[in-house]
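Peer 1: For reference, this is coords-v4.txt, and it has compact mmCIF, C-alpha atoms.
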# COMPACT_ATOMS: atom_id res chain seq x y z
CA MET N 1 97.30 183.46 166.02
CA ARG N 2 95.69 180.13 165.28
CA LYS N 3 97.70 177.20 166.62
CA ILE N 4 98.31 174.74 163.81
CA ALA N 5 100.59 171.75 164.32
CA LEU N 6 104.05 172.08 162.84
CA PHE N 7 104.34 170.14 159.61
CA LEU N 8 107.92 169.18 158.88
CA CYS N 9 108.43 165.96 156.96
CA LEU N 10 111.45 163.83 157.85
CA LEU N 11 111.75 162.67 154.27
CA PRO N 12 113.91 164.34 151.63
CA THR N 13 110.95 164.61 149.28
CA LEU N 14 107.24 165.21 149.67
CA ALA N 15 104.63 163.83 147.35
CA TYR N 16 102.84 166.48 145.39
CA GLY N 17 99.20 165.51 145.17
CA ALA N 18 98.94 162.02 143.80
CA ASP N 19 102.13 162.29 141.75
CA ASP N 20 105.34 160.52 142.70
CA ASP N 21 107.57 162.28 140.17
CA CYS N 22 107.66 165.76 141.69
CA ALA N 23 111.43 165.59 142.22
CA THR N 24 112.17 164.64 138.63
CA ARG N 25 109.48 166.46 136.68
CA THR N 26 110.63 169.17 134.28
CA THR N 27 107.46 171.26 134.00
CA VAL N 28 105.28 173.07 136.52
CA PRO N 29 102.03 171.24 137.38
CA ALA N 30 99.04 172.50 135.45
CA GLY N 31 96.26 174.41 137.16
CA ARG N 32 96.12 177.05 139.87
CA LEU N 33 98.25 176.15 142.87
CA ASN N 34 97.55 177.37 146.40
CA LEU N 35 100.26 178.16 148.92
CA PRO N 36 100.38 174.75 150.69
CA GLN N 37 100.70 173.03 147.31
CA VAL N 38 103.54 175.33 146.26
CA VAL N 39 105.34 174.72 149.58
CA ASP N 40 105.02 170.94 149.27
CA LEU N 41 106.21 171.05 145.66
CA GLY N 42 109.22 173.13 146.68
CA LEU N 43 110.18 170.83 149.56
CA CYS N 44 109.98 167.87 147.21
CA ARG N 45 112.48 169.44 144.81
CA ASN N 46 114.76 171.60 146.94
CA PRO N 47 118.40 170.35 146.98
CA THR N 48 119.38 172.32 150.11
CA THR N 49 116.80 170.72 152.38
CA THR N 50 117.54 167.33 150.82
CA ALA N 51 121.25 167.71 151.65
CA SER N 52 120.27 168.72 155.19
CA TYR N 53 118.18 165.57 155.42
CA TYR N 54 121.16 163.40 154.47
CA ALA N 55 123.24 165.17 157.12
CA LEU N 56 120.55 164.17 159.60
CA GLN N 57 120.76 160.59 158.36
CA SER N 58 124.54 160.65 158.80
CA ALA N 59 124.12 161.75 162.42
CA ARG N 60 121.58 158.98 162.98
CA PHE N 61 123.94 156.33 161.65
CA ALA N 62 126.74 157.70 163.84
CA LYS N 63 124.43 157.43 166.84
CA ASN N 64 123.55 153.85 165.96
CA ALA N 65 127.25 153.01 165.62
CA GLY N 66 127.75 154.21 169.20
CA TYR N 67 125.85 151.17 170.48
CA ALA N 68 128.58 148.89 169.13
CA ASN N 69 130.49 149.14 172.42
CA TYR N 70 127.64 147.30 174.13
CA LEU N 71 128.18 144.26 171.90
CA PRO N 72 131.09 141.78 171.74
CA ASN N 73 133.97 142.47 169.38
CA VAL N 74 134.69 139.35 167.34
CA SER N 75 137.47 138.94 164.78
CA ALA N 76 138.76 136.05 162.70
CA SER N 77 142.02 135.49 160.87
CA ALA N 78 143.56 132.85 158.62
CA SER N 79 147.09 132.35 157.42
CA ALA N 80 149.11 130.23 155.01
CA SER N 81 152.90 130.35 154.86
CA LEU N 82 155.67 128.67 152.89
CA PRO N 83 159.03 128.80 154.73
CA TYR N 84 162.36 129.27 152.95
CA ARG N 85 165.56 128.36 154.75
CA ASN N 86 169.08 127.36 153.62
CA LYS N 87 168.16 127.80 149.99
CA GLU N 88 165.33 125.33 150.31
CA TRP N 89 161.58 125.71 150.40
CA GLY N 90 159.75 123.96 153.18
CA ASP N 91 156.21 122.69 153.37
CA TRP N 92 153.14 124.81 153.61
CA SER N 93 151.73 125.50 157.03
CA TYR N 94 148.22 126.73 157.76
CA GLY N 95 146.48 128.36 160.65
CA ALA N 96 143.25 130.05 161.68
CA SER N 97 142.06 131.84 164.78
CA LEU N 98 138.93 133.30 166.27
CA SER N 99 138.99 135.87 169.07
CA ALA N 100 136.34 137.78 170.98
CA SER N 101 136.35 140.49 173.58
CA TYR N 102 133.64 142.20 175.58
CA LEU N 103 133.81 145.37 177.63
CA LEU N 104 132.44 144.56 181.07
CA PHE N 105 132.82 147.85 182.92
CA ASP N 106 134.16 151.30 182.09
CA PHE N 107 132.55 153.59 184.70
CA GLY N 108 129.88 154.72 182.21
CA LYS N 109 132.12 156.02 179.41
CA ARG N 110 130.32 154.15 176.62
CA LEU N 111 126.98 155.40 177.97
CA ALA N 112 128.34 158.97 177.86
CA ASP N 113 129.49 158.38 174.27
CA VAL N 114 126.06 157.11 173.24
CA ASN N 115 124.32 160.02 174.97
CA GLN N 116 126.61 162.48 173.24
CA LEU N 117 125.92 160.93 169.83
CA THR N 118 122.18 160.89 170.54
CA ALA N 119 122.23 164.58 171.50
CA SER N 120 124.20 165.37 168.32
CA TRP N 121 121.63 163.45 166.29
CA ARG N 122 118.82 165.46 167.89
CA ALA N 123 120.72 168.69 167.14
CA ALA N 124 121.06 167.61 163.50
CA GLY N 125 117.32 166.98 163.40
CA PHE N 126 116.56 170.47 164.69
CA ASP N 127 119.06 171.90 162.19
CA TYR N 128 117.16 170.11 159.44
CA ASP N 129 113.89 171.53 160.76
CA GLU N 130 115.40 175.02 160.79
CA ASN N 131 116.62 174.70 157.19
CA VAL N 132 113.21 173.48 156.09
CA GLN N 133 111.42 176.33 157.86
CA ASN N 134 113.77 178.95 156.42
CA TYR N 135 113.19 177.51 152.95
CA ILE N 136 109.42 177.56 153.46
CA TYR N 137 109.64 181.19 154.57
CA GLY N 138 111.53 181.98 151.36
CA ILE N 139 108.82 180.22 149.32
CA ILE N 140 106.11 182.18 151.15
CA GLY N 141 107.90 185.46 150.47
CA ALA N 142 108.28 184.66 146.77
CA TYR N 143 104.62 183.57 146.59
CA TYR N 144 103.37 186.83 148.10
CA ASN N 145 105.74 188.88 145.93
CA LEU N 146 104.20 187.29 142.85
CA LEU N 147 100.68 187.97 144.13
CA ASN N 148 101.67 191.58 144.86
CA ALA N 149 103.21 191.99 141.41
CA ASP N 150 100.10 190.51 139.77
CA ALA N 151 97.89 192.88 141.78
CA ASP N 152 100.06 195.80 140.64
CA VAL N 153 99.55 194.74 137.01
CA LYS N 154 95.79 194.66 137.47
CA SER N 155 95.87 198.04 139.19
CA ALA N 156 98.07 199.53 136.48
CA ASP N 157 95.75 198.18 133.79
CA SER N 158 92.65 199.65 135.47
CA LEU N 159 94.42 202.98 135.92
CA ARG N 160 95.44 202.96 132.27
CA THR N 161 91.74 202.51 131.45
CA VAL N 162 90.92 205.52 133.64
CA ALA N 163 93.61 207.55 131.85
CA GLN N 164 92.23 206.46 128.46
CA THR N 165 88.77 207.55 129.56
CA ALA N 166 90.17 210.92 130.61
CA ARG N 167 91.93 211.32 127.28
CA ASP N 168 88.77 210.46 125.31
CA THR N 169 86.71 212.85 127.42
CA ALA N 170 89.22 215.68 126.92
CA ALA N 171 89.28 215.05 123.16
CA LYS N 172 85.48 215.21 122.94
CA LYS N 173 85.34 218.41 124.96
CA PHE N 174 88.10 219.92 122.83
CA LYS N 175 86.15 219.15 119.68
CA ALA N 176 83.12 220.76 121.28
CA GLY N 177 85.24 223.81 122.05
CA SER N 178 84.68 223.69 125.79
CA VAL N 179 88.33 223.07 126.75
CA ALA N 180 91.72 224.05 125.41
CA LYS N 181 94.14 221.82 123.51
CA ALA N 182 96.27 221.76 126.66
CA ASP N 183 93.76 219.43 128.33
CA VAL N 184 94.18 216.87 125.55
CA LEU N 185 97.96 217.13 125.76
CA LYS N 186 97.88 216.67 129.52
CA ALA N 187 95.62 213.66 129.12
CA ASP N 188 97.99 212.23 126.46
CA THR N 189 100.91 212.65 128.87
CA THR N 190 99.02 210.90 131.67
CA LEU N 191 97.99 208.05 129.36
CA ALA N 192 101.58 207.55 128.19
CA SER N 193 102.70 207.50 131.82
CA ARG N 194 100.07 204.87 132.68
CA ASN N 195 101.13 202.73 129.71
CA LEU N 196 104.70 202.91 130.98
CA ASP N 197 103.56 201.98 134.50
CA LEU N 198 101.71 198.98 133.08
CA GLU N 199 104.78 197.72 131.22
CA ARG N 200 106.93 198.14 134.31
CA ALA N 201 104.36 196.26 136.39
CA LYS N 202 104.33 193.40 133.87
CA ASN N 203 108.13 193.28 133.96
CA ASN N 204 108.12 193.15 137.75
CA ARG N 205 105.56 190.34 137.61
CA GLU N 206 107.77 188.32 135.28
CA ILE N 207 110.73 188.80 137.62
CA ALA N 208 108.65 187.77 140.63
CA LYS N 209 107.38 184.72 138.74
CA GLY N 210 110.93 183.75 137.79
CA ALA N 211 112.06 184.10 141.41
CA LEU N 212 109.31 181.73 142.60
CA LEU N 213 110.05 179.22 139.83
CA ALA N 214 113.76 179.31 140.70
CA LYS N 215 112.97 178.45 144.32
CA LEU N 216 110.93 175.51 143.03
CA SER N 217 113.90 174.43 140.83
CA PHE N 218 112.05 175.08 137.58
CA PRO N 219 113.30 177.23 134.67
CA ALA N 220 112.28 180.86 135.03
CA THR N 221 110.89 180.79 131.48
CA GLN N 222 108.00 178.52 132.46
CA ASN N 223 104.63 179.70 133.74
CA ILE N 224 102.93 179.12 137.09
CA GLU N 225 99.44 180.02 138.23
CA ILE N 226 98.87 180.63 141.93
CA ALA N 227 95.77 181.34 143.98
CA ASP N 228 95.21 184.56 145.91
CA MET N 229 94.86 184.55 149.70
CA PRO N 230 91.47 184.88 151.46
CA SER N 231 90.60 188.48 152.35
CA GLU N 232 90.06 187.66 156.05
CA PHE N 233 93.55 186.23 156.32
CA GLY N 234 95.80 187.95 158.86
CA ARG N 235 93.35 189.90 160.95
CA ALA N 236 93.88 191.33 164.43
CA SER N 237 91.97 188.51 166.15
CA GLU N 238 94.71 186.06 165.20
CA ILE N 239 97.58 187.60 167.13
CA GLN N 240 98.48 186.59 170.69
CA SER N 241 100.67 188.27 173.28
CA VAL N 242 104.46 188.29 173.09
CA GLU N 243 104.63 186.16 176.24
CA GLU N 244 102.42 183.47 174.67
CA LEU N 245 104.49 183.50 171.50
CA ILE N 246 107.75 183.13 173.47
CA GLU N 247 106.27 180.21 175.38
CA MET N 248 105.32 178.57 172.09
CA ALA N 249 108.79 179.20 170.68
CA GLN N 250 110.46 177.44 173.61
CA LYS N 251 108.63 174.27 172.60
CA SER N 252 108.94 174.45 168.83
CA ARG N 253 111.62 176.89 167.62
CA PRO N 254 114.37 174.73 166.03
CA ASP N 255 117.39 176.89 166.87
CA LEU N 256 116.42 176.95 170.56
CA LEU N 257 115.97 173.18 170.60
CA LYS N 258 119.19 172.73 168.63
CA ALA N 259 121.14 174.89 171.11
CA ALA N 260 119.78 172.80 173.99
CA ALA N 261 120.73 169.58 172.20
CA ASN N 262 124.24 170.90 171.47
CA LYS N 263 124.61 171.80 175.15
CA ASP N 264 123.59 168.26 176.13
CA ALA N 265 126.05 166.81 173.63
CA ALA N 266 128.85 168.98 175.03
CA TRP N 267 127.96 167.88 178.57
CA HIS N 268 128.13 164.19 177.67
CA ARG N 269 131.33 164.78 175.69
CA ARG N 270 132.91 166.38 178.74
CA ASN N 271 131.90 163.40 180.88
CA ALA N 272 133.29 160.96 178.34
CA SER N 273 136.62 162.82 178.30
CA PHE N 274 136.88 162.51 182.08
CA LEU N 275 135.79 158.87 182.17
CA LYS N 276 138.43 158.00 179.59
CA ASN N 277 141.03 158.39 182.38
CA LEU N 278 139.41 155.69 184.53
CA PRO N 279 140.02 151.91 184.36
CA SER N 280 138.10 149.63 182.05
CA ILE N 281 137.59 145.88 182.46
CA SER N 282 137.14 143.52 179.52
CA ALA N 283 136.68 139.80 179.03
CA SER N 284 138.43 138.09 176.15
CA GLY N 285 138.72 134.66 174.61
CA SER N 286 140.36 133.09 171.60
CA VAL N 287 140.70 129.77 169.81
CA ALA N 288 143.31 128.91 167.17
CA TRP N 289 144.08 126.04 164.81
CA ASN N 290 147.53 125.25 163.39
CA ASP N 291 148.75 122.76 160.85
CA THR N 292 152.54 122.98 160.83
CA PRO N 293 154.61 120.14 159.31
CA SER N 294 156.72 118.26 161.90
CA GLU N 295 159.96 118.98 160.11
CA SER N 296 159.34 122.70 160.10
CA PHE N 297 160.91 125.10 162.54
CA ASN N 298 158.90 125.53 165.73
CA SER N 299 156.85 122.45 164.90
CA GLY N 300 155.06 120.37 167.42
CA SER N 301 152.60 123.11 168.53
CA ASP N 302 149.12 121.97 169.33
CA LYS N 303 146.67 121.65 166.50
CA ILE N 304 144.03 123.54 168.48
CA SER N 305 144.73 126.06 171.22
CA GLY N 306 142.79 128.76 172.99
CA SER N 307 142.56 131.07 175.98
CA ILE N 308 140.11 133.04 178.10
CA GLY N 309 140.85 135.93 180.42
CA ILE N 310 139.96 139.15 182.12
CA ARG N 311 141.84 142.30 181.25
CA ALA N 312 141.96 145.58 183.15
CA SER N 313 143.55 148.68 181.69
CA MET N 314 144.01 152.26 182.79
CA PRO N 315 145.89 155.11 181.14
CA ILE N 316 148.74 156.35 183.33
CA PHE N 317 150.48 159.00 181.28
CA ALA N 318 149.82 160.19 177.73
CA GLY N 319 151.83 163.37 177.62
CA PHE N 320 149.10 165.38 179.42
CA ALA N 321 146.80 164.82 176.42
CA ASN N 322 144.01 163.40 178.57
CA MET N 323 144.19 166.26 181.05
CA TYR N 324 144.00 168.88 178.32
CA GLY N 325 141.26 166.89 176.61
CA VAL N 326 139.13 167.15 179.75
CA ARG N 327 139.79 170.89 180.00
CA GLN N 328 138.94 171.35 176.33
CA ALA N 329 135.67 169.45 176.76
CA GLN N 330 134.81 171.60 179.77
CA ALA N 331 135.52 174.78 177.80
CA ASN N 332 133.34 173.52 174.95
CA TYR N 333 130.54 172.82 177.41
CA ASP N 334 130.81 176.31 178.89
CA ALA N 335 130.73 177.76 175.36
CA ALA N 336 127.61 175.69 174.57
CA LEU N 337 125.92 177.09 177.67
CA GLU N 338 126.63 180.64 176.55
CA GLN N 339 125.54 179.85 173.01
CA GLU N 340 122.23 178.52 174.32
CA ARG N 341 121.72 181.73 176.30
CA ALA N 342 122.61 183.90 173.28
CA THR N 343 120.21 181.91 171.09
CA ALA N 344 117.42 182.43 173.61
CA ASP N 345 118.09 186.18 173.68
CA ASN N 346 118.08 186.37 169.88
CA ALA N 347 114.88 184.34 169.70
CA THR N 348 113.15 186.68 172.14
CA LEU N 349 114.21 189.68 170.06
CA ASP N 350 113.08 187.98 166.83
CA ILE N 351 109.67 187.24 168.30
CA PHE N 352 109.26 190.76 169.67
CA THR N 353 110.33 192.33 166.36
CA ALA N 354 108.09 190.06 164.28
CA TYR N 355 105.19 190.72 166.66
CA GLN N 356 105.57 194.50 166.43
CA ASN N 357 106.00 194.39 162.64
CA TYR N 358 102.86 192.30 162.31
CA LYS N 359 100.80 194.65 164.47
CA THR N 360 102.10 197.61 162.47
CA ALA N 361 101.30 195.83 159.19
CA GLN N 362 97.72 195.31 160.38
CA THR N 363 97.38 199.02 161.12
CA VAL N 364 98.99 200.01 157.81
CA LEU N 365 96.63 197.74 155.87
CA THR N 366 93.60 199.30 157.55
CA GLN N 367 94.90 202.79 156.78
CA THR N 368 95.68 201.99 153.14
CA GLU N 369 92.20 200.51 152.70
CA THR N 370 90.74 203.78 153.96
CA LEU N 371 93.13 205.73 151.72
CA LEU N 372 92.20 203.63 148.67
CA LYS N 373 88.50 204.04 149.32
CA SER N 374 88.93 207.81 149.64
CA ALA N 375 91.16 208.09 146.55
CA THR N 376 88.76 206.00 144.47
CA GLU N 377 85.81 208.14 145.43
CA SER N 378 87.83 211.32 144.88
CA GLU N 379 88.81 210.23 141.36
CA ARG N 380 85.21 209.31 140.54
CA VAL N 381 83.86 212.63 141.78
CA THR N 382 86.58 214.66 140.05
CA ALA N 383 85.94 212.82 136.78
CA GLY N 384 82.27 213.68 137.00
CA MET N 385 83.04 217.30 137.82
CA TYR N 386 85.40 217.57 134.84
CA LYS N 387 82.75 216.22 132.49
CA VAL N 388 80.37 218.98 133.54
CA GLY N 389 83.05 221.66 133.53
CA ARG N 390 83.43 222.14 137.28
CA ALA N 391 87.01 220.75 137.52
CA THR N 392 90.14 221.08 135.42
CA MET N 393 92.20 218.37 133.78
CA LEU N 394 94.91 219.12 136.32
CA ASP N 395 92.43 218.31 139.10
CA TRP N 396 91.58 215.02 137.42
CA GLN N 397 95.25 214.16 136.88
CA THR N 398 95.96 214.87 140.55
CA ALA N 399 93.10 212.58 141.59
CA GLN N 400 94.40 209.85 139.27
CA SER N 401 97.92 210.15 140.71
CA GLU N 402 96.54 209.87 144.23
CA LEU N 403 94.58 206.78 143.16
CA VAL N 404 97.74 205.23 141.69
CA ASP N 405 99.64 205.74 144.94
CA ALA N 406 96.73 204.48 147.03
CA GLN N 407 96.37 201.26 145.03
CA LYS N 408 100.09 200.54 145.13
CA GLN N 409 100.22 201.15 148.86
CA ASN N 410 97.19 198.95 149.46
CA ASN N 411 98.60 196.09 147.37
CA ALA N 412 101.94 196.32 149.15
CA ALA N 413 100.30 196.53 152.58
CA LYS N 414 98.07 193.52 151.93
CA TYR N 415 100.86 191.16 150.97
CA ASP N 416 103.29 192.69 153.43
CA LEU N 417 100.82 191.69 156.13
CA PHE N 418 100.92 188.11 154.86
CA THR N 419 104.72 188.15 154.91
CA LYS N 420 104.83 189.64 158.41
CA ARG N 421 102.42 186.96 159.58
CA ALA N 422 104.73 184.30 158.17
CA ALA N 423 107.63 186.02 159.96
CA VAL N 424 105.80 185.60 163.28
CA ALA N 425 105.26 181.92 162.49
CA LEU N 426 108.96 181.56 161.64
CA ALA N 427 109.97 183.35 164.85
CA ILE N 428 108.06 180.87 167.00
CA GLY N 429 109.25 177.89 164.96
CA GLU N 430 105.96 177.03 163.24
CA ILE N 431 106.28 178.40 159.74
CA LYS N 432 103.36 176.34 158.48
CA VAL N 433 100.93 177.92 160.92
CA GLY N 434 97.68 178.36 159.06
CA LEU N 435 98.76 176.65 155.85
CA GLU N 436 96.86 173.42 156.57
CA GLY N 437 93.81 175.38 157.73
CA GLU N 438 93.79 177.46 154.56
CA ASN N 439 94.34 174.55 152.21
CA GLU N 440 90.67 173.65 151.69
CA GLU N 441 89.58 177.29 151.44
CA SER N 442 92.30 178.14 148.91
CA THR N 443 91.51 175.03 146.86
CA GLU N 444 87.83 175.97 146.75
CA ARG N 445 88.74 179.54 145.78
CA ALA N 446 91.01 178.28 142.97
CA ALA N 447 88.28 175.98 141.68
CA GLN N 448 85.80 178.84 141.58
CA GLU N 449 88.23 180.99 139.64
Give the structure from this file in structure tokens form.
Peer 2:
Amino acid sequence: MRKIALFLCLLPTLAYGADDDCATRTTVPAGRLNLPQVVDLGLCRNPTTTASYYALQSARFAKNAGYANYLPNVSASASASLPYRNKEWGDWSYGASLSASYLLFDFGKRLADVNQLTASWRAAGFDYDENVQNYIYGIIGAYYNLLNADADVKSADSLRTVAQTARDTAAKKFKAGSVAKADVLKADTTLASRNLDLERAKNNREIAKGALLAKLSFPATQNIEIADMPSEFGRASEIQSVEELIEMAQKSRPDLLKAAANKDAAWHRRNASFLKNLPSISASGSVAWNDTPSESFNSGSDKISGSIGIRASMPIFAGFANMYGVRQAQANYDAALEQERATADNATLDIFTAYQNYKTAQTVLTQTETLLKSATESERVTAGMYKVGRATMLDWQTAQSELVDAQKQNNAAKYDLFTKRAAVALAIGEIKVGLEGENEESTERAAQE
């Protein structure tokens, strides 16, 4: 499989072409859109991935807040009071103070807190990547379903034309007295069946179009034109070995990276819980100003006062909360280790399954192409034989039915191969594999059409 760099934007919206209003527009862009354009348009408008982006931003802000413990803590206060004593009001007194404290040493607890928040932020980033990739995979599936449905409509229309030709031929031969009325009736039945198949295919195409529009956050009643995929797309030369795919997944698959980041966060959280039981040393200082009338109670205090000092503190007993907190953090870390191992096992299975499905889809496509070629030739030959009286209408109807099945199977196999290829890309964590490389080719194809 061609190695294309993963394209995941860390913005909640992506610009569609030269437009900046993709998130707010109410109509589908005009013209034929290729797959990369549809994906970018969907990412620009999708509320789920946008919400995931804001969750990532929240984790980033929490991580930044963790650095606050490396800076001084400064607070200011001001007061004004009016005393009342012996049924008399006194004079106003005023005061203000400024205090600062700075953590000098805590055996690395604040570093563990920052590392834990950083690992959580990285996990949120990989979660965002995973949501984006899953959404892209859904877009790709809807895109191929619409292409498949459109191909079925074209096939059904061509087969209806074949059935109409058969009906006209039978009618002419009946008028000439060379065939019985039964041939015309059989041809009428086949034509009616093909008309019904065409209407069903059109209905399925409308449903597929509505599903794609819904994923793009547009009303299903609108219209969208999409470009077909190149015929050489998804061939056997693209696929690599399972071992190579697993190696790629270890570097790019979001859930694997997220599990590793969650494990790191749990490890730092466990360390922070233990370090919380150790002493911490802080420096502090304060300055205060007072303006208390001399006749007031407790008067005579200095106008300006202050202090500096060093403070050491250590928790002695908190009802066993700290001890159980450390044990809980250790249990969470052990659970994160097992979760990472389970995620790796699931990823390996996903890759193997996607790999086997893709190889099978390649084989099925080749077989359906052979089947379609054979069925097409069989229908052509049988039609010619019927016209010269060497085949019956039943033979021609059988050949037409085989052609119908062959075309449907070939359409399904073609776009199923595309979907299976996207599943391999999703399994290794690079759902946009090939999209950038196909962009220029698909754009040129759309322009030609």
Peer 1: Let me make sure I understand: among N:Ala163, N:Ala142, N:Ala59, N:Met393, which one has the smallest atom-to-atom distance to Ala214 of chain N if we use only C-alpha atoms?
Peer 2: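 Nearest to Ala214 of chain N: N:Ala142.
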Peer 1: Applying 8 Å and only C-alpha atoms, which residues near segment 417-432 of chain N remain after dropping the ones on its own chain fewer than 5 positions away? List them as a ChimeraX atom specification.
Peer 2: /N:4-7,130,133-134,136-137,140-141,144,233-234,245-246,248-250,252-254,347,350-351,354-355,357-358,361-362,365
Peer 1: Taking C-alpha atoms for each residue, export the selection above as an mmCIF file, in the coordinates of the input.
Peer 2:
data_model
loop_
_atom_site.group_PDB
_atom_site.id
_atom_site.type_symbol
_atom_site.label_atom_id
_atom_site.label_comp_id
_atom_site.auth_asym_id
_atom_site.auth_seq_id
_atom_site.Cartn_x
_atom_site.Cartn_y
_atom_site.Cartn_z
ATOM 1 C CA ILE N 4 98.310 174.740 163.810
ATOM 2 C CA ALA N 5 100.590 171.750 164.320
ATOM 3 C CA LEU N 6 104.050 172.080 162.840
ATOM 4 C CA PHE N 7 104.340 170.140 159.610
ATOM 5 C CA GLU N 130 115.400 175.020 160.790
ATOM 6 C CA GLN N 133 111.420 176.330 157.860
ATOM 7 C CA ASN N 134 113.770 178.950 156.420
ATOM 8 C CA ILE N 136 109.420 177.560 153.460
ATOM 9 C CA TYR N 137 109.640 181.190 154.570
ATOM 10 C CA ILE N 140 106.110 182.180 151.150
ATOM 11 C CA GLY N 141 107.900 185.460 150.470
ATOM 12 C CA TYR N 144 103.370 186.830 148.100
ATOM 13 C CA PHE N 233 93.550 186.230 156.320
ATOM 14 C CA GLY N 234 95.800 187.950 158.860
ATOM 15 C CA LEU N 245 104.490 183.500 171.500
ATOM 16 C CA ILE N 246 107.750 183.130 173.470
ATOM 17 C CA MET N 248 105.320 178.570 172.090
ATOM 18 C CA ALA N 249 108.790 179.200 170.680
ATOM 19 C CA GLN N 250 110.460 177.440 173.610
ATOM 20 C CA SER N 252 108.940 174.450 168.830
ATOM 21 C CA ARG N 253 111.620 176.890 167.620
ATOM 22 C CA PRO N 254 114.370 174.730 166.030
ATOM 23 C CA ALA N 347 114.880 184.340 169.700
ATOM 24 C CA ASP N 350 113.080 187.980 166.830
ATOM 25 C CA ILE N 351 109.670 187.240 168.300
ATOM 26 C CA ALA N 354 108.090 190.060 164.280
ATOM 27 C CA TYR N 355 105.190 190.720 166.660
ATOM 28 C CA ASN N 357 106.000 194.390 162.640
ATOM 29 C CA TYR N 358 102.860 192.300 162.310
ATOM 30 C CA ALA N 361 101.300 195.830 159.190
ATOM 31 C CA GLN N 362 97.720 195.310 160.380
ATOM 32 C CA LEU N 365 96.630 197.740 155.870
#
Peer 1: For Gln116 of chain N, work out the shell of residues within 9 Å, counting all atoms listed in the file and skipping chain neighbours fewer than 5 positions away, then give it as a PyMOL selection string.
Peer 2: chain N and resi 63+111+121+262+264-269+272
Peer 1: Quote the spacing between atom CA of Tyr102 of chain N and atom CA of Val287 of chain N in Å to one decimal place.
Peer 2: 15.4 Å
Peer 1: If I take atom CA of Thr24 of chain N and atom CA of Gln37 of chain N, how far is one from the other in Å, to one decimal?
Peer 2: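 Between these atoms lies a distance of 16.7 Å.
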Peer 1: Just need the box for segment 139-156 of chain N, edges along x, y and z, holding every atom the file lists for it with 5 Å tacked onto each side, so centre and edge lengths in Å to one decimal, as lines of an AutoDock Vina configuration file.
Peer 2:
center_x = 102.3
center_y = 189.9
center_z = 143.8
size_x = 23.0
size_y = 29.3
size_z = 24.7
Peer 1: Quick one: pull the distance between atom CA of Ala227 of chain N and atom CA of Ser401 of chain N, Å, one decimal.
Peer 2: 29.1 Å
Peer 1: Do a neighbour search on Asn410 of chain N at 7 Å with only C-alpha atoms, toss out local chain neighbours closer than 5 positions, and write the hits as a PDB file with C-alpha atoms, keeping the file's coordinate frame.
Peer 2:
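That gives us part-v1.pdb:
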ATOM      1  CA  LEU N 365      96.630 197.740 155.870  1.00  0.00           C
ATOM      2  CA  THR N 368      95.680 201.990 153.140  1.00  0.00           C
ATOM      3  CA  GLU N 369      92.200 200.510 152.700  1.00  0.00           C
ATOM      4  CA  LEU N 372      92.200 203.630 148.670  1.00  0.00           C
TER       5      LEU N 372
END
Peer 1: Counting only C-alpha atoms, which residue out of N:Lys359, N:Arg380, N:Lys276, N:Lys215 sits closest to Val39 of chain N?
Peer 2: N:Lys215
Peer 1: Just the residues within 7 Å of Ile281 of chain N, please, counting all atoms listed in the file, with nothing from its chain fewer than 6 positions along; format it as JSON, numbers by chain.
Peer 2: {"N": [103, 104, 105, 106, 311, 312, 313]}
Peer 1: Go through N:Thr161, N:Ala375, N:Phe126, N:Arg205 one by one, measure the shortest atom-to-atom distance of each to Lys251 of chain N using all atoms listed in the file, and give the residue with the smallest value.
Peer 2: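 The closest residue to Lys251 of chain N is N:Phe126.
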Peer 1: Using all atoms listed in the file, pick whichever of N:Arg327, N:Arg85, N:Arg200, N:Arg194 has the shortest atom-to-atom distance to Asn271 of chain N.
Peer 2: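 Of all the options, N:Arg327 lies closest to Asn271 of chain N.
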Peer 1: Between N:Ile308, N:Ala413, N:Leu394, N:Leu56, which has the minimum distance to Leu117 of chain N (counting only C-alpha atoms)?
Peer 2: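 Using only C-alpha atoms, Leu117 of chain N sits closest to N:Leu56.
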Peer 1: With only C-alpha atoms as the basis for distance, which of N:Ser282, N:Ser155, N:Thr26, N:Thr221 is at the shortest distance from Asn69 of chain N?
Peer 2: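 Closest to Asn69 of chain N, using only C-alpha atoms: N:Ser282.
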Peer 1: With a distance cut-off of 9 Å and all atoms listed in the file, select the neighbouring residues of Ala124 of chain N, excluding the residue or stretch itself and same-chain residues fewer than 5 positions from it, and output the selection as a list of chain:residue names.
Peer 2: N:Ser52, N:Tyr53, N:Ala55, N:Leu56, N:Gln57, N:Ala59, N:Arg60, N:Ala119, N:Asp129, N:Lys258, N:Ala261
